[in-house]
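First the structure, in the form of structure tokens, and then the observations on it.
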Amino acid sequence: MTHALWFRHALLPTGWAEQVRLEMAAGVITRAEANTPPQPTDERHAIALPGLPNLHSHAFQRGMAGLAEVRGPAADSFWTWREVMYRFAHRIGPDDMQSIAAMAFVEMLESGFIRVGEFHYIHHAPDGTAYADLAEMGGRLAAAADETGMALTLLPVLYHCGGFGGQPTGEGQRRFINRPDLFGLLVSASRRAVGFLPDGVVGVAPHSLRAVTPDSLSLAVAQAEGGPIHIHIAEQMREVADCRAWSNQRPVNWLLQNMPVTKQWCLIHATHMDGCETERLARSGAVAGLCPITEANLGDGIVNAVDYLAAGGRFGIGSDSNVLIDAAEELRSLEYAQRLKHQGRNMLAGGGGSTGRRLFEGALAGGAQALGQGLAGLQVGASADLFSLDATHPSLTARNGDGLLDGFIFGGRSMVDMVWRRGRRVVSQGRHQARDTIAARYRRTIEKILS
């Protein structure tokens, strides 16, 4: 059945257009016409933007937002935060995973994210034994995506070392560990788990260079079968130092020199790169997965985004630890960190023009590539994944074209009005249609976990 949406303003792959009519059937855009009056049965709105990909999420960490904001007796860092995360992760069962993920996905959709890359590593029961279904927990993520309408790219993680050079794992990692020779069974089970979703994607995620060996990294990559390959890399300076002690190379340099890094890859964080690594990563065609809110929360550092984008580097954004879920805030934080680092303004605008436009379109293209999304944007053949802005928001007053994007990203919050996923409206007036039910279940889950 065909239905249509009409917008006064819409951002198409060719740029801003007026009076845009989008026809949709079976969840896909079948016609996109500008300068077209609405037909009597069309649903009419003001401003349309393509839904953004969230290329890196650990959905379960939504439940621990704020729990690690108490200073310990020694200096706090990513590594002390990780201990809090381990303790929280050991309390989560399958029902809990679905409940927490559904809440995270609701908040993502309400902010304009429409596909998520779940970097998923809680595979086993709390005591470390395997579930009867190896993809039990991944299947719960797929169920949460189904009930909320979120598009899902599931990235099962290979994690079998506790440090560079094959060091043994610790007790806190017992739910994450998989044998490299059995990783293919987990990937196959994950493909079955998401098979019922209309456009689910499965990739692979060797957790990090410290959590695999060169041989097991190659085994994991072979399981991708053309799908996305994601890896945490160069997030912390200690990680860089440990990698150099192990290999005499920096992490990004080692990866680029020893693995076939192509457009299939997404390097999460890539925070600490030297100039050579920055240039090489940009030339590879891979995507840098930037998570500015989490990187600030964990004290990771600031990526060299100015030089990376100037070299033609591709990027996307992710909500990572989900301490705060807000697509516009991720883009704003990315730019603001560069302003603080370089003591200038509009650092990522490129050769001129709108900073908001450069950020939005870069995150759209890079995120779609990294998540195996296929066609992205409001064009024929693409999934009908889009959101509208509330034209009455004060920061959008008297704005047109790129001014709308700049207002959305830099002018405040709560501007997302409607969200359509595969042509079906899942958010109205800024609220997900199932928010109340999912939020109530989430509260019961967190009360149980933290009691």
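In the structure tokens, chains take the letters A, B, ... in the order shown, each chain's residues start at 1, and ligands count up from 1 in the order shown.
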
For the contact check between stretch 24-90 of chain A and stretch 237-258 of chain A, emit one row per residue of stretch 24-90 of chain A within 12 Å, containing the shortest atom pair and the distance in Å rounded to one decimal, counting only C-alpha atoms, chain then rising number order, as a tab-separated table.
```
residue	atom	partner	partner_atom	distance
A:Ser77	CA	A:Arg238	CA	10.6
A:Phe78	CA	A:Arg238	CA	10.0
A:Trp79	CA	A:Arg238	CA	9.5
```

Inset, instruction - Within stretch 38-250 of chain A, find each residue whose DSSP state, derived from the backbone, is helix (DSSP H, G or I), and express the selection as JSON, numbers by chain. - result: {"A": [59, 60, 61, 62, 63, 64, 78, 79, 80, 81, 82, 83, 84, 85, 86, 87, 88, 89, 94, 95, 96, 97, 98, 99, 100, 101, 102, 103, 104, 105, 106, 107, 108, 109, 110, 111, 136, 137, 138, 139, 140, 141, 142, 143, 144, 145, 146, 147, 148, 171, 172, 173, 180, 181, 182, 183, 184, 185, 186, 187, 188, 189, 190, 191, 192, 193, 194, 209, 210, 211, 214, 215, 216, 217, 218, 219, 220, 221, 222, 237, 238, 239, 240, 241, 242, 243, 244, 245, 246, 247]}

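Closest approach to A:Met64 among A:Val419, A:Val201, A:Leu158, A:Ala104 is made by A:Ala104 (distances from only C-alpha atoms).
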
Inset, instruction - Provide the atom CA of A:Gly372 to atom CA of A:Cys266 distance in Å, to one decimal place. - result: 10.7 Å
